[in-house]
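Colleague: The structure that follows is given in the form of structure tokens.
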Amino acid sequence: MSQNIITLGGSSRRNFLSGCAAVGGLSVLGSLPLNVFAQAGGRKTLKIGVVGTGGRGSGAASDFLNAAKIVGESAQIWAVGDVFPYRTKGIAGHHNLPRERVFNGFDAYKKVIDSGIDIVILATPPGFRPLHIEYAIQKGVHVFAEKPVATDAAGVNKVLAAGRLAQEKKLAIVAGTQRRHQTVYVETIKRIHDGIIGDLVGGQVYWNGGGIWYRGPKKEWTDIENQTNNWYHHNWLSGDNIVEQHVHNLDVINWAFNAHPTQAYTLGGRMTRKEPGDIYDHFAVEFTYPGDVRTLSFSRHVPGDDAVGEKIVGTKGVTNVGSGDIRDHKGKILWSYKDWKRENKPREINAYVNEHVDLLKSILAGNPLNEAQAVAESTFNAIIGRESAYTGRRIRWDSALATNFALVPENITRDTPAPTADSLRKVVIPLPGQWREVLGAKRGGKRK
């Protein structure tokens with residue numbers, strides 16, 4: 001099995017996407033080269049580190065172990081880390097880890113990565129992800145990074161640079177954008193790229209759902225610890241709901257268009273959310289893609305009719321990608337995943353497991369999968385959509401990325417001042433048309 005490696009910032013993006021498709025849909029392992037994890041005297045047990053041990057990190061750890069069984073590798077959870085001891089307690093007990101390989105604090109990621117692991121699972125709040133990816137690649141460790149991978153331009157640029165370094169060092173970076181590893185998506189996108197619906201002229205993507213959890217503050221924690229524990233409600237940590245969740249759907253439309261948008265023009269606000277924090281609860285974005293093609297994006301945390309999915313429109317047809325049906329504009333089916341599946345009988349693996357299968361298979365094939373650019377671009381889609389809503393202005397991709405604006409403090413410890421003063425009680429919420437921030441300037445939270 002082989003695949004193409006992405007050339008970040010270059011012209012091989014289509015080859016990379018084709019490589020993803022080739023890997024994502026496979027059910028047969030095929031013949032592999034000499035095991036790159038082999039050691040003298042027998043096969044090596046892979047040592048896996050987990051940074052961020054909440055529900056997603058613990059789930060990803062289990063998914064990885066299941067993937068290792070499918071691939072035929074021996075693996076163990078070797079070290080875990082999280083800011084909070086209550087987060088590491090459960091996973092450490094489940095995997096019988098000794099105390100010396102359980103780490104806590106804002107620097108726990110370094111200790112996990114330096115513990116002698118082969119692969120690290122990064123599942124902390126997204127604001128920390130760029131620093132963790134960068135450190136892992138510098139240390140020669142393969143990466144599985146949950147989505148999104150940043151909350152600001154500085155973080156996106158850091159991930160892009162880490163992706164280039166990973167390519168040089170032949171290290172894998174696989175992201176938690178699991179639709180790229182889900183057979184129905186892989187096969188449907190493949191046919192879009194083959195031209196079955198003609199030239200792409202538009203699309204609509206949705207992540208509309210209800211509210212989310214809220215965790216109240218604890219007196220014994222500092223302000224930045226309380227923000228980190230309640231991370232979804234602070235945009236420097238989560239990126240807001242458009243970044244944290246809707247990135248999945250934005251990733252699919254980028255994948256289908258084989259491009260990222262040139263600008264975002266957004267309506268958004270905070271209508272029903274009652275919990276403390278500075279994030280919105282709804283966004284509606286018009287993204288402009290090359291060729292002046294417009295797509296619409298909707299995401300919200302508001303009670304009502306839920307919708308999650310992606311619709312791609314071409315000159316010859318249309319598809320709701322996850323359904324696996326492609327139709328012409330009169331409703332006639334041009335291609336059906338159900339029919340293809342009946343004929344080809346693929347071995348379908350749960351996408352949350354299959355992303356780890358693809359990670360391992362690519363390493364074993366000596367061609368590590370590098371999704372850094374794809375997930376960084378999808379993340380920045382969401383970021384410019386958010387910033388357009390916050391400012392009430394159109395945000396252009398190139399100029400926003402070039403500012404390298406940053407929301408995340410450097411060298412965080414438990415005593416680092418929180419990004420917004422007294423943020424648990426008196427957070428300043430961006431008001432469109434009144435938010436004075438200029439991309440590239442310091443975010444002060446002031447209004448006109």
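By order of appearance in the structure tokens: chains A, B, ..., then residues from 1 within every chain, and ligands from 1 in the order shown.
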Residues near stretch 132-149 of chain A, anyone? I mean within 9 Å using only C-alpha atoms, not counting same-chain ones fewer than 4 positions away, as a PyMOL selection string.

Modeller: chain A and resi 51+56-57+60+109-110+113-114+117-124+126-128+155-156+158-159+161-163+165-166+169-177+238-239+243-245+247-248+355-356+359+363+368+372+375-376+378-379

Colleague: Could the residues in this selection be saved with N, CA and C atoms as a compact mmCIF listing (two decimals), in the first residue's frame?

Modeller:
```txt
# COMPACT_ATOMS: atom_id res chain seq x y z
N VAL A 51 -2.20 12.84 25.80
CA VAL A 51 -2.17 14.17 26.41
C VAL A 51 -3.56 14.77 26.29
N ARG A 56 -12.72 12.54 25.08
CA ARG A 56 -12.18 12.31 23.74
C ARG A 56 -10.81 11.67 23.81
N GLY A 57 -9.96 12.09 24.74
CA GLY A 57 -8.64 11.47 24.85
C GLY A 57 -8.72 10.02 25.27
N ALA A 60 -10.10 8.08 22.33
CA ALA A 60 -9.10 7.90 21.28
C ALA A 60 -8.08 6.83 21.66
N TYR A 109 2.38 17.71 28.94
CA TYR A 109 2.58 17.24 27.56
C TYR A 109 4.05 16.94 27.30
N LYS A 110 4.95 17.76 27.84
CA LYS A 110 6.39 17.51 27.63
C LYS A 110 6.81 16.21 28.29
N ILE A 113 5.51 13.19 26.23
CA ILE A 113 6.25 13.05 24.97
C ILE A 113 7.69 12.62 25.21
N ASP A 114 8.26 13.03 26.32
CA ASP A 114 9.65 12.68 26.64
C ASP A 114 9.78 11.34 27.36
N ILE A 117 7.81 7.39 24.23
CA ILE A 117 6.69 6.88 23.45
C ILE A 117 7.01 6.92 21.95
N ASP A 118 6.23 6.16 21.20
CA ASP A 118 6.34 6.13 19.74
C ASP A 118 5.32 7.07 19.08
N ILE A 119 4.12 7.12 19.64
CA ILE A 119 3.02 7.89 19.08
C ILE A 119 2.31 8.60 20.22
N VAL A 120 1.91 9.86 19.98
CA VAL A 120 1.17 10.59 21.01
C VAL A 120 -0.21 10.95 20.48
N ILE A 121 -1.20 10.80 21.35
CA ILE A 121 -2.57 11.23 21.08
C ILE A 121 -2.76 12.56 21.79
N LEU A 122 -3.09 13.61 21.03
CA LEU A 122 -3.25 14.95 21.58
C LEU A 122 -4.73 15.31 21.59
N ALA A 123 -5.30 15.44 22.79
CA ALA A 123 -6.74 15.67 22.91
C ALA A 123 -7.06 16.69 24.00
N THR A 124 -6.17 17.65 24.20
CA THR A 124 -6.43 18.74 25.13
C THR A 124 -7.37 19.76 24.49
N PRO A 126 -8.35 22.78 22.27
CA PRO A 126 -7.66 23.11 21.01
C PRO A 126 -6.62 24.22 21.10
N GLY A 127 -6.80 25.17 22.01
CA GLY A 127 -5.83 26.25 22.11
C GLY A 127 -4.42 25.79 22.39
N PHE A 128 -4.28 24.63 23.04
CA PHE A 128 -2.96 24.09 23.37
C PHE A 128 -2.37 23.25 22.24
N GLY A 155 -1.44 29.92 15.90
CA GLY A 155 -1.47 28.48 16.07
C GLY A 155 -1.53 27.75 14.74
N VAL A 156 -2.32 28.26 13.80
CA VAL A 156 -2.40 27.63 12.48
C VAL A 156 -1.04 27.66 11.80
N LYS A 158 1.81 27.73 13.22
CA LYS A 158 2.69 26.80 13.93
C LYS A 158 2.44 25.36 13.48
N VAL A 159 1.18 25.02 13.26
CA VAL A 159 0.84 23.66 12.79
C VAL A 159 1.34 23.44 11.37
N ALA A 161 3.93 24.82 10.00
CA ALA A 161 5.38 24.64 10.09
C ALA A 161 5.72 23.25 10.64
N ALA A 162 4.97 22.79 11.63
CA ALA A 162 5.20 21.45 12.17
C ALA A 162 4.93 20.39 11.11
N GLY A 163 3.95 20.63 10.26
CA GLY A 163 3.67 19.69 9.18
C GLY A 163 4.82 19.59 8.20
N LEU A 165 7.97 20.17 8.92
CA LEU A 165 9.04 19.46 9.62
C LEU A 165 8.75 17.97 9.69
N ALA A 166 7.50 17.61 9.93
CA ALA A 166 7.12 16.19 9.98
C ALA A 166 7.40 15.51 8.65
N LYS A 169 11.06 14.82 8.43
CA LYS A 169 11.50 13.78 9.37
C LYS A 169 10.76 12.46 9.17
N LYS A 170 9.85 12.40 8.18
CA LYS A 170 9.04 11.20 7.91
C LYS A 170 8.27 10.78 9.15
N LEU A 171 7.58 11.74 9.73
CA LEU A 171 6.70 11.49 10.87
C LEU A 171 5.25 11.72 10.43
N ALA A 172 4.35 10.96 11.03
CA ALA A 172 2.93 11.07 10.70
C ALA A 172 2.25 12.14 11.56
N ILE A 173 1.33 12.86 10.93
CA ILE A 173 0.37 13.70 11.65
C ILE A 173 -1.00 13.37 11.08
N VAL A 174 -1.80 12.68 11.88
CA VAL A 174 -3.16 12.34 11.48
C VAL A 174 -4.11 13.08 12.41
N ALA A 175 -5.19 13.63 11.83
CA ALA A 175 -6.11 14.47 12.59
C ALA A 175 -7.42 13.73 12.86
N GLY A 176 -8.15 14.25 13.84
CA GLY A 176 -9.43 13.67 14.21
C GLY A 176 -10.58 14.11 13.34
N THR A 177 -10.31 14.42 12.08
CA THR A 177 -11.36 14.69 11.10
C THR A 177 -11.74 13.36 10.47
N SER A 238 -11.27 27.09 22.96
CA SER A 238 -12.10 26.25 22.07
C SER A 238 -12.18 26.78 20.66
N GLY A 239 -12.02 28.10 20.49
CA GLY A 239 -12.21 28.71 19.19
C GLY A 239 -13.66 29.06 18.90
N VAL A 243 -15.50 26.68 15.45
CA VAL A 243 -14.17 26.08 15.30
C VAL A 243 -14.15 24.69 15.91
N GLU A 244 -14.69 24.54 17.10
CA GLU A 244 -14.55 23.29 17.83
C GLU A 244 -15.34 22.14 17.19
N GLN A 245 -16.56 22.42 16.71
CA GLN A 245 -17.38 21.34 16.15
C GLN A 245 -17.58 21.45 14.64
N VAL A 247 -15.88 22.54 12.41
CA VAL A 247 -14.69 22.27 11.59
C VAL A 247 -14.85 20.97 10.80
N HIS A 248 -15.58 19.99 11.34
CA HIS A 248 -15.80 18.73 10.62
C HIS A 248 -16.43 18.98 9.26
N GLU A 355 -9.31 5.94 11.53
CA GLU A 355 -8.29 6.99 11.43
C GLU A 355 -6.97 6.53 12.05
N HIS A 356 -7.05 5.71 13.08
CA HIS A 356 -5.83 5.16 13.69
C HIS A 356 -5.28 3.99 12.88
N LEU A 359 -3.38 5.65 10.18
CA LEU A 359 -2.14 6.16 10.75
C LEU A 359 -1.09 5.07 10.84
N ILE A 363 2.50 4.39 8.48
CA ILE A 363 3.83 4.31 9.08
C ILE A 363 4.50 2.99 8.70
N PRO A 368 4.50 7.90 5.95
CA PRO A 368 3.62 8.40 7.01
C PRO A 368 2.61 9.43 6.49
N ALA A 372 -1.50 17.55 8.20
CA ALA A 372 -1.33 18.83 8.88
C ALA A 372 -1.94 19.98 8.10
N VAL A 375 -5.98 19.81 7.92
CA VAL A 375 -6.71 20.16 9.14
C VAL A 375 -6.42 21.58 9.57
N ALA A 376 -5.21 22.09 9.29
CA ALA A 376 -4.91 23.48 9.61
C ALA A 376 -5.77 24.42 8.77
N SER A 378 -8.76 23.71 7.38
CA SER A 378 -10.14 23.60 7.82
C SER A 378 -10.35 24.38 9.12
N THR A 379 -9.37 24.30 10.00
CA THR A 379 -9.43 25.07 11.24
C THR A 379 -9.47 26.56 10.95
```

Colleague: Sorted by chain and rising residue number, which residues of stretch 226-285 of chain A lie within 10 Å of stretch 321-325 of chain A, and what are their closest atom pairs and distances in Å to one decimal, counting only C-alpha atoms, as a Markdown table?

Modeller:
```
| residue | atom | partner | partner_atom | distance |
| --- | --- | --- | --- | --- |
| A:Val252 | CA | A:Val321 | CA | 8.5 |
| A:Ile253 | CA | A:Val321 | CA | 9.6 |
| A:Ala256 | CA | A:Val321 | CA | 9.4 |
```

Colleague: Please run DSSP on the backbone and report, as number ranges by chain, all residues within stretch 251-381 of chain A that come out as strand (DSSP E).

Modeller: A: 263-269, 282-289, 293-301, 307-314, 318-320, 325-327, 333-336

Colleague: Restricting the output to C-alpha atoms, write the selected residues as an mmCIF file, in the first residue's frame.

Modeller:
```cif
data_model
loop_
_atom_site.group_PDB
_atom_site.id
_atom_site.type_symbol
_atom_site.label_atom_id
_atom_site.label_comp_id
_atom_site.auth_asym_id
_atom_site.auth_seq_id
_atom_site.Cartn_x
_atom_site.Cartn_y
_atom_site.Cartn_z
ATOM 1 C CA GLN A 263 -12.769 35.115 2.504
ATOM 2 C CA ALA A 264 -15.594 34.840 5.044
ATOM 3 C CA TYR A 265 -18.588 37.098 5.603
ATOM 4 C CA THR A 266 -20.548 36.218 8.733
ATOM 5 C CA LEU A 267 -23.560 36.935 10.883
ATOM 6 C CA GLY A 268 -23.343 35.639 14.431
ATOM 7 C CA GLY A 269 -24.163 36.352 18.021
ATOM 8 C CA HIS A 282 -24.831 30.892 16.375
ATOM 9 C CA PHE A 283 -22.967 31.645 13.157
ATOM 10 C CA ALA A 284 -24.045 31.909 9.514
ATOM 11 C CA VAL A 285 -21.164 32.316 7.082
ATOM 12 C CA GLU A 286 -20.820 32.943 3.373
ATOM 13 C CA PHE A 287 -17.452 31.510 2.327
ATOM 14 C CA THR A 288 -16.047 32.535 -1.060
ATOM 15 C CA TYR A 289 -13.975 29.878 -2.838
ATOM 16 C CA VAL A 293 -17.985 30.275 -5.824
ATOM 17 C CA ARG A 294 -20.090 30.872 -2.707
ATOM 18 C CA THR A 295 -20.924 28.306 -0.043
ATOM 19 C CA LEU A 296 -23.062 28.691 3.066
ATOM 20 C CA SER A 297 -22.195 27.510 6.564
ATOM 21 C CA PHE A 298 -24.507 27.296 9.563
ATOM 22 C CA SER A 299 -23.580 26.325 13.133
ATOM 23 C CA ARG A 300 -25.384 26.911 16.387
ATOM 24 C CA HIS A 301 -26.041 25.867 19.978
ATOM 25 C CA ALA A 307 -28.921 19.434 11.344
ATOM 26 C CA VAL A 308 -25.421 18.063 10.787
ATOM 27 C CA GLY A 309 -24.141 17.412 7.278
ATOM 28 C CA GLU A 310 -22.688 18.609 4.008
ATOM 29 C CA LYS A 311 -24.343 19.260 0.632
ATOM 30 C CA ILE A 312 -22.224 19.827 -2.480
ATOM 31 C CA VAL A 313 -23.743 21.262 -5.667
ATOM 32 C CA GLY A 314 -22.272 20.912 -9.150
ATOM 33 C CA VAL A 318 -25.782 17.271 -6.175
ATOM 34 C CA THR A 319 -24.967 15.116 -3.155
ATOM 35 C CA ASN A 320 -25.483 15.087 0.563
ATOM 36 C CA ASP A 325 -26.268 9.180 -2.977
ATOM 37 C CA ILE A 326 -25.300 11.360 -5.935
ATOM 38 C CA ARG A 327 -28.182 12.666 -8.085
ATOM 39 C CA ILE A 333 -29.400 8.665 -9.032
ATOM 40 C CA LEU A 334 -26.008 8.900 -10.743
ATOM 41 C CA TRP A 335 -24.158 6.814 -8.143
ATOM 42 C CA SER A 336 -25.126 5.118 -4.914
#
```

Colleague: I'd like to know which of A:Val408, A:Ser399, A:Tyr185, A:Gln76 is closest to A:His95, using only C-alpha atoms.

Modeller: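 Counting only C-alpha atoms, the residue closest to A:His95 is A:Gln76.
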
Colleague: Taking the DSSP secondary structure from the backbone, can you list the residues of stretch 113-256 of chain A that are helix (DSSP H, G or I), as a ChimeraX atom specification?

Modeller: /A:113,126-138,153-169,178-181,183-193,223-229,231-233,235-238,241-244,247-256

Colleague: With distances taken over only C-alpha atoms, which of A:Glu168, A:Asp152, A:Glu220, A:Asp281 is nearest to A:Trp236?

Modeller: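 Distance minimum relative to A:Trp236 lands on A:Asp152.
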
Colleague: When distances are computed from only C-alpha atoms, which of A:Gly291, A:Tyr280, A:His234, A:Tyr352 shows the smallest separation from A:Pro419?

Modeller: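 Among A:Gly291, A:Tyr280, A:His234, A:Tyr352, it is A:His234 that comes nearest to A:Pro419.
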
Colleague: Please list as a list of chain:residue names every residue within 10 Å of A:Val112, counting only C-alpha atoms and excluding residues in the same chain fewer than 6 positions away.

Modeller: A:Ile48, A:Gly49, A:Val50, A:Val51, A:Trp78, A:Ala79, A:Val80, A:Gly81, A:Asp82, A:Arg101, A:Val102, A:Phe103, A:Asn104, A:Val120, A:Ala136

Colleague: Give me the residues near A:Trp255 as a list in words, where near means some atom within 9 Å (using only C-alpha atoms) and where sequence neighbours in that chain fewer than 3 positions away do not count.

Modeller: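 Contacts, in chain order: Leu17, Arg180, Ile189, Leu250, Asp251, Val252, Asn258, Ala259, His260 and Ala374 of chain A.
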
Colleague: Filtering to N, CA and C atoms, could you give me those residues as a CSV table (one decimal), in the first residue's frame?

Modeller:
```csv
chain,number,residue,atom,x,y,z
A,17,LEU,N,-4.8,14.4,-1.3
A,17,LEU,CA,-6.2,14.1,-1.0
A,17,LEU,C,-6.5,12.7,-1.7
A,180,ARG,N,-12.7,11.8,6.8
A,180,ARG,CA,-11.7,11.5,5.8
A,180,ARG,C,-11.3,10.0,5.8
A,189,ILE,N,-16.5,11.4,-2.2
A,189,ILE,CA,-15.6,12.5,-2.6
A,189,ILE,C,-14.8,12.1,-3.8
A,250,LEU,N,-16.7,21.9,7.6
A,250,LEU,CA,-15.9,22.8,6.8
A,250,LEU,C,-14.8,22.0,6.2
A,251,ASP,N,-14.3,21.0,6.9
A,251,ASP,CA,-13.2,20.1,6.3
A,251,ASP,C,-13.7,19.4,5.1
A,252,VAL,N,-15.0,18.9,5.2
A,252,VAL,CA,-15.6,18.2,4.0
A,252,VAL,C,-15.7,19.1,2.8
A,258,ASN,N,-11.3,20.9,-3.0
A,258,ASN,CA,-9.9,20.8,-3.2
A,258,ASN,C,-9.2,22.1,-3.0
A,259,ALA,N,-9.7,22.9,-2.1
A,259,ALA,CA,-9.3,24.3,-1.9
A,259,ALA,C,-9.8,24.8,-0.6
A,260,HIS,N,-9.2,26.0,-0.2
A,260,HIS,CA,-9.8,26.7,1.0
A,260,HIS,C,-10.4,28.0,0.5
A,374,ALA,N,-4.2,20.0,5.7
A,374,ALA,CA,-5.7,19.9,5.5
A,374,ALA,C,-6.4,20.3,6.7
```

Colleague: For a quick check of understanding, using only C-alpha atoms, which of A:Gly210, A:Pro98, A:Gly202, A:Gly52 has the smallest distance to A:Asp305?

Modeller: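 That would be A:Gly210, the residue with the smallest distance to A:Asp305.
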
Colleague: Between atom CA of A:Glu377 and atom CA of A:Lys190, what is the distance, to one decimal in Å?

Modeller: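 Calculated distance between atom CA of A:Glu377 and atom CA of A:Lys190 is 19.8 Å.
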
Colleague: Can you work out the spacing between atom CA of A:Gly59 and atom CA of A:Ala365 in Å, to one decimal?

Modeller: 25.8 Å
